[in-house]
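Dropping coords20.cif in here (mmCIF, C-alpha atoms and all ligand atoms):
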```cif
data_target
loop_
_atom_site.label_atom_id
_atom_site.label_comp_id
_atom_site.auth_asym_id
_atom_site.auth_seq_id
_atom_site.Cartn_x
_atom_site.Cartn_y
_atom_site.Cartn_z
CA GLU E 1 87.87 115.15 99.87
CA GLN E 2 88.60 112.80 97.02
CA ILE E 3 86.83 109.59 96.09
CA PHE E 4 87.88 106.75 93.81
CA TYR E 5 86.75 103.21 93.12
CA ILE E 6 88.53 99.89 92.89
CA THR E 7 87.21 96.51 91.87
CA ARG E 8 88.35 93.14 90.61
CA HIS E 9 86.82 91.92 87.35
CA GLY E 10 83.74 89.73 87.68
CA GLU E 11 84.28 85.98 87.93
CA SER E 12 85.92 84.58 84.78
CA ASP E 13 85.68 81.15 83.16
CA PHE E 14 89.24 80.50 84.44
CA ASN E 15 88.25 81.45 88.02
CA VAL E 16 85.51 78.81 87.83
CA ILE E 17 87.96 76.00 86.96
CA GLY E 18 90.78 77.31 89.17
CA ARG E 19 93.24 78.28 86.43
CA ILE E 20 95.51 81.31 86.83
CA GLY E 21 96.57 83.88 84.25
CA GLY E 22 95.35 83.79 80.66
CA ASP E 23 92.72 85.98 79.06
CA ALA E 24 89.45 84.18 79.80
CA ASP E 25 86.22 86.12 79.47
CA LEU E 26 83.57 86.62 82.17
CA SER E 27 81.48 83.68 83.37
CA PRO E 28 77.68 84.11 83.55
CA ARG E 29 78.10 85.20 87.23
CA GLY E 30 80.85 87.60 86.20
CA ARG E 31 78.55 89.18 83.62
CA LYS E 32 75.91 89.55 86.31
CA TYR E 33 78.42 91.43 88.45
CA ALA E 34 79.11 93.79 85.54
CA GLU E 35 75.38 94.54 85.34
CA ARG E 36 75.01 95.00 89.11
CA LEU E 37 77.99 97.36 89.20
CA THR E 38 76.58 99.44 86.36
CA ARG E 39 73.25 99.64 88.18
CA LEU E 40 74.92 100.56 91.50
CA PHE E 41 76.42 103.72 89.99
CA ARG E 42 73.26 104.55 88.05
CA GLU E 43 71.03 104.30 91.14
CA ASN E 44 73.27 106.12 93.65
CA PRO E 45 74.53 109.30 91.96
CA GLN E 46 74.60 111.22 95.27
CA THR E 47 76.63 108.83 97.42
CA LEU E 48 78.58 107.19 94.58
CA PRO E 49 79.23 109.87 91.96
CA GLY E 50 79.85 108.12 88.64
CA PRO E 51 83.45 107.64 87.56
CA GLN E 52 84.91 110.40 85.40
CA LEU E 53 87.58 108.06 84.13
CA ILE E 54 87.64 104.26 83.87
CA TRP E 55 90.91 102.35 83.83
CA THR E 56 90.83 98.64 83.06
CA SER E 57 93.65 96.22 82.31
CA GLU E 58 94.13 95.07 78.71
CA LEU E 59 92.41 91.76 79.46
CA GLN E 60 88.85 90.93 78.38
CA ARG E 61 87.52 90.19 81.86
CA THR E 62 88.21 93.71 83.17
CA ILE E 63 87.15 95.48 79.95
CA HIS E 64 83.84 93.60 79.95
CA THR E 65 83.26 94.25 83.67
CA ALA E 66 83.27 98.01 83.01
CA GLU E 67 81.51 97.82 79.65
CA GLY E 68 78.11 99.20 80.75
CA ILE E 69 79.43 102.03 82.92
CA PRO E 70 79.35 105.35 81.10
CA GLY E 71 82.47 107.50 80.85
CA PRO E 72 85.82 107.75 79.08
CA ARG E 73 88.06 104.71 79.49
CA ALA E 74 91.51 103.38 78.81
CA ALA E 75 93.02 99.88 78.91
CA VAL E 76 96.23 100.19 80.91
CA ASN E 77 99.05 97.72 80.48
CA ASP E 78 100.31 98.30 84.04
CA LEU E 79 96.98 97.01 85.39
CA ASN E 80 97.38 93.55 83.79
CA GLU E 81 97.46 90.61 86.23
CA ILE E 82 100.75 89.31 87.64
CA ASP E 83 102.61 87.43 84.91
CA ALA E 84 102.83 83.83 86.12
CA GLY E 85 105.42 82.97 83.43
CA ILE E 86 105.75 79.21 82.96
CA CYS E 87 102.74 78.70 85.25
CA GLU E 88 100.26 80.72 83.16
CA GLY E 89 97.05 78.79 82.53
CA LEU E 90 97.73 76.11 85.16
CA THR E 91 95.82 75.26 88.34
CA TYR E 92 97.70 75.40 91.67
CA GLU E 93 97.53 71.57 91.79
CA GLU E 94 99.18 71.36 88.36
CA ILE E 95 101.89 73.79 89.43
CA GLN E 96 102.62 71.70 92.52
CA GLU E 97 102.78 68.56 90.37
CA ARG E 98 104.89 69.91 87.51
CA PHE E 99 107.06 72.40 89.38
CA PRO E 100 107.23 71.21 93.00
CA GLN E 101 110.38 73.23 93.74
CA GLU E 102 108.82 76.43 92.37
CA PHE E 103 105.67 75.78 94.39
CA ALA E 104 107.69 75.36 97.59
CA TRP E 105 109.77 78.47 96.95
CA ARG E 106 106.68 80.56 96.39
CA ASP E 107 105.18 79.23 99.59
CA GLN E 108 108.34 80.20 101.50
CA ASP E 109 108.51 83.79 100.25
CA LYS E 110 105.41 84.73 98.31
CA PHE E 111 106.39 88.41 98.26
CA LYS E 112 109.78 88.07 96.59
CA TYR E 113 109.15 84.87 94.63
CA ARG E 114 109.31 85.53 90.90
CA TYR E 115 107.69 83.04 88.47
CA PRO E 116 110.26 81.91 85.87
CA HIS E 117 109.74 84.21 82.86
CA GLY E 118 107.17 86.08 84.96
CA GLU E 119 106.82 88.46 87.88
CA SER E 120 106.88 88.69 91.67
CA TYR E 121 104.74 90.80 94.01
CA LEU E 122 107.84 92.97 94.49
CA ASP E 123 107.91 93.52 90.70
CA LEU E 124 104.19 94.35 90.80
CA LEU E 125 104.56 96.95 93.55
CA GLN E 126 106.99 98.78 91.31
CA ARG E 127 104.78 98.32 88.24
CA VAL E 128 101.71 99.87 89.88
CA ASP E 129 103.57 102.77 91.49
CA SER E 130 102.88 105.19 88.64
CA VAL E 131 99.22 104.10 88.45
CA VAL E 132 98.78 104.89 92.15
CA GLN E 133 100.30 108.33 91.68
CA ALA E 134 98.02 108.93 88.69
CA ILE E 135 94.88 107.84 90.58
CA LEU E 136 95.65 110.43 93.24
CA THR E 137 95.93 113.28 90.73
CA LYS E 138 92.68 112.53 88.85
CA THR E 139 89.08 112.83 90.00
CA GLN E 140 86.80 109.86 90.55
CA VAL E 141 88.75 107.15 88.78
CA LEU E 142 87.33 103.63 88.63
CA VAL E 143 90.07 101.00 88.47
CA VAL E 144 89.05 97.53 87.27
CA SER E 145 91.94 95.12 87.63
CA HIS E 146 93.03 91.80 89.12
CA GLN E 147 93.62 90.25 92.52
CA ALA E 148 97.41 90.44 92.74
CA VAL E 149 97.62 93.94 91.21
CA LEU E 150 94.88 95.28 93.47
CA ARG E 151 96.60 93.83 96.53
CA CYS E 152 99.60 95.98 95.58
CA ILE E 153 97.47 99.08 94.96
CA MET E 154 95.52 98.67 98.22
CA ALA E 155 98.80 98.18 100.10
CA TYR E 156 99.66 101.83 99.38
CA PHE E 157 96.45 103.03 100.97
CA MET E 158 96.46 100.64 103.89
CA GLY E 159 100.16 100.92 104.70
CA THR E 160 100.59 97.15 104.52
CA ARG E 161 104.03 95.69 105.30
CA PRO E 162 105.58 94.27 102.08
CA GLU E 163 105.62 90.60 103.20
CA GLN E 164 101.89 90.83 103.94
CA VAL E 165 100.90 92.26 100.54
CA PRO E 166 100.36 88.84 98.83
CA TYR E 167 97.80 87.96 101.51
CA ILE E 168 95.61 91.08 101.46
CA ASN E 169 91.98 90.12 101.01
CA VAL E 170 90.49 91.75 97.90
CA PRO E 171 87.10 90.05 97.61
CA LEU E 172 85.48 89.20 94.29
CA HIS E 173 82.22 90.96 93.33
CA THR E 174 82.85 93.84 95.72
CA LEU E 175 83.28 97.54 94.97
CA LEU E 176 85.91 99.23 97.12
CA VAL E 177 85.16 102.90 97.65
CA VAL E 178 88.23 104.83 98.78
CA ARG E 179 87.82 108.28 100.30
CA THR E 180 90.84 110.37 101.13
CA ASN E 181 92.02 113.79 102.19
CA GLY E 182 95.27 112.95 100.39
CA TYR E 183 96.81 111.68 103.60
CA MET E 184 94.43 109.30 105.30
CA PHE E 185 92.50 106.67 103.37
CA GLU E 186 89.15 105.20 104.31
CA VAL E 187 87.96 102.10 102.47
CA GLU E 188 84.31 101.11 102.28
CA GLN E 189 83.42 97.68 100.87
CA ILE E 190 80.20 97.26 98.93
CA PRO E 191 79.61 93.57 98.17
CA LEU E 192 77.15 92.96 95.35
CA LYS E 193 74.97 89.86 95.30
CA VAL E 194 75.26 87.92 92.05
O1 LIG Q 201 96.13 84.60 89.19
C1 LIG Q 201 96.71 85.15 90.10
C2 LIG Q 201 96.03 85.54 91.34
O2 LIG Q 201 95.23 86.66 91.21
C3 LIG Q 201 97.07 85.80 92.36
O3 LIG Q 201 96.88 84.89 93.34
O4 LIG Q 201 99.18 85.46 94.14
O5 LIG Q 201 97.48 84.39 95.64
O6 LIG Q 201 98.53 83.09 93.76
P1 LIG Q 201 98.10 84.43 94.25
#
```
What do you get writing this file as structure tokens?
Amino acid sequence: EQIFYITRHGESDFNVIGRIGGDADLSPRGRKYAERLTRLFRENPQTLPGPQLIWTSELQRTIHTAEGIPGPRAAVNDLNEIDAGICEGLTYEEIQERFPQEFAWRDQDKFKYRYPHGESYLDLLQRVDSVVQAILTKTQVLVVSHQAVLRCIMAYFMGTRPEQVPYINVPLHTLLVVRTNGYMFEVEQIPLKV
């Protein structure tokens, strides 16, 4: 049996004001999540054996979420959040206002819609493919990444149909514990109060 861990970064300053993309750091609540997560591993070595390898994205909010957890780590480019291209740093209201056609197109086909100068969920599925294969060949990896990327990674384990991938619920401030025999995947959610 193999076990690995998946989590979104703690809440960021951009999450608080509803902006997407960018490289904002953790909010005070997000920092609290980082502490709670560190404590969770420290206090439950039997049921949640500490990660032997920590993979974050290259963005501050994931690096700082994993900061207190002991173990070797790497910042992986393929774990960076979906590139929203011309919409980076905007709120959804601003996108609708400035790029109404883009907003409508995305609403019509969120899976295949590609942000101008950015990416689609279909692009992301391909981008994370090698990460998924790598997770399965290592022991006890902790992946700290972002909502859209983790939807794509979880889709592999849950067998989600492509069009449904952009709507998978990956809750904030929750550790996903995945146990597998290499064939079937069982996901346990551990929400942490912050
Ligand atoms: O900032 C991007 C979000 O994590 C992705 O959200 O694909 O539902 O707009 P969305």
Around all the atoms of segment 158-169 of chain E listed in the file, with 4 Å of room on each side, what axis-aligned box do you get, giving centre and edge lengths in Å to one decimal, as JSON?
```
{"center_x": 98.8, "center_y": 94.4, "center_z": 102.1, "size_x": 21.6, "size_y": 21.0, "size_z": 14.5}
```
Open item on the list: Excluding Arg29 of chain E and its own-chain neighbours fewer than 5 positions away, which residues fall within 8 Å of it when counting only C-alpha atoms? Please give them as a ChimeraX atom specification.
Closed with: /E:10-11,194
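Take the candidates E:Gln52, E:Asn44, E:Thr91, E:Thr62 and check each one against Arg19 of chain E using all atoms listed in the file; the shortest distance goes to E:Thr91.
The gap separating atom CA of Phe103 of chain E from atom CA of Gln164 of chain E is 18.2 Å, in Å to one decimal.
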Could you please extract the residues within 9 Å of ligand LIG 201 (chain Q), counting all atoms listed in the file, and hand them back as a PDB file with C-alpha atoms, in the frame of the given file?
```pdb
ATOM      1  CA  ASN E  15      88.250  81.450  88.020  1.00  0.00           C
ATOM      2  CA  ARG E  19      93.240  78.280  86.430  1.00  0.00           C
ATOM      3  CA  ILE E  20      95.510  81.310  86.830  1.00  0.00           C
ATOM      4  CA  GLY E  21      96.570  83.880  84.250  1.00  0.00           C
ATOM      5  CA  GLY E  22      95.350  83.790  80.660  1.00  0.00           C
ATOM      6  CA  GLU E  81      97.460  90.610  86.230  1.00  0.00           C
ATOM      7  CA  ILE E  82     100.750  89.310  87.640  1.00  0.00           C
ATOM      8  CA  ASP E  83     102.610  87.430  84.910  1.00  0.00           C
ATOM      9  CA  ALA E  84     102.830  83.830  86.120  1.00  0.00           C
ATOM     10  CA  GLU E  88     100.260  80.720  83.160  1.00  0.00           C
ATOM     11  CA  GLY E  89      97.050  78.790  82.530  1.00  0.00           C
ATOM     12  CA  TYR E  92      97.700  75.400  91.670  1.00  0.00           C
ATOM     13  CA  ARG E 106     106.680  80.560  96.390  1.00  0.00           C
ATOM     14  CA  LYS E 110     105.410  84.730  98.310  1.00  0.00           C
ATOM     15  CA  PHE E 111     106.390  88.410  98.260  1.00  0.00           C
ATOM     16  CA  SER E 120     106.880  88.690  91.670  1.00  0.00           C
ATOM     17  CA  TYR E 121     104.740  90.800  94.010  1.00  0.00           C
ATOM     18  CA  HIS E 146      93.030  91.800  89.120  1.00  0.00           C
ATOM     19  CA  GLN E 147      93.620  90.250  92.520  1.00  0.00           C
ATOM     20  CA  ALA E 148      97.410  90.440  92.740  1.00  0.00           C
ATOM     21  CA  VAL E 149      97.620  93.940  91.210  1.00  0.00           C
ATOM     22  CA  LEU E 150      94.880  95.280  93.470  1.00  0.00           C
ATOM     23  CA  PRO E 166     100.360  88.840  98.830  1.00  0.00           C
ATOM     24  CA  TYR E 167      97.800  87.960 101.510  1.00  0.00           C
TER      25      TYR E 167
END
```
Write out as JSON lines a residue-level contact list of segment 11-37 of chain E versus segment 170-181 of chain E with cut-off 9 Å: for each qualifying residue the closest pair of atoms and the distance in Å to one decimal, counting only C-alpha atoms, rows sorted by chain and residue number upward.
```
{"residue": "E:Glu11", "atom": "CA", "partner": "E:Leu172", "partner_atom": "CA", "distance": 7.2}
{"residue": "E:Gly30", "atom": "CA", "partner": "E:His173", "partner_atom": "CA", "distance": 8.0}
{"residue": "E:Tyr33", "atom": "CA", "partner": "E:His173", "partner_atom": "CA", "distance": 6.2}
{"residue": "E:Ala34", "atom": "CA", "partner": "E:His173", "partner_atom": "CA", "distance": 8.9}
{"residue": "E:Leu37", "atom": "CA", "partner": "E:Leu175", "partner_atom": "CA", "distance": 7.8}
```
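Using only C-alpha atoms, the shortest contact distance between Cys152 of chain E and any of E:Ala66, E:Leu122, E:Glu35, E:Ser12 is found at E:Leu122.
One finds atom CA of Pro72 of chain E at 20.5 Å from atom CA of Arg31 of chain E.
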- [ ] Work out how far atom CA of Asn80 of chain E is from atom CA of Pro116 of chain E, in Å to one decimal.
- [x] 17.5 Å
TODO: Point out the residue among E:Arg8, E:Tyr115, E:Trp55, E:Arg39 with the least atom-to-atom distance to Ile135 of chain E, counting all atoms listed in the file.
DONE: E:Trp55
TODO: Would you mind telling me which residue in E:Asp109, E:Glu188, E:Lys32, E:Gln60 lies nearest to Thr47 of chain E when using only C-alpha atoms?
DONE: E:Glu188
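Ranking E:Leu53, E:Leu136, E:Ile17, E:Ile6 by their shortest atom-to-atom distance to Leu90 of chain E, with only C-alpha atoms included, puts E:Ile17 first.
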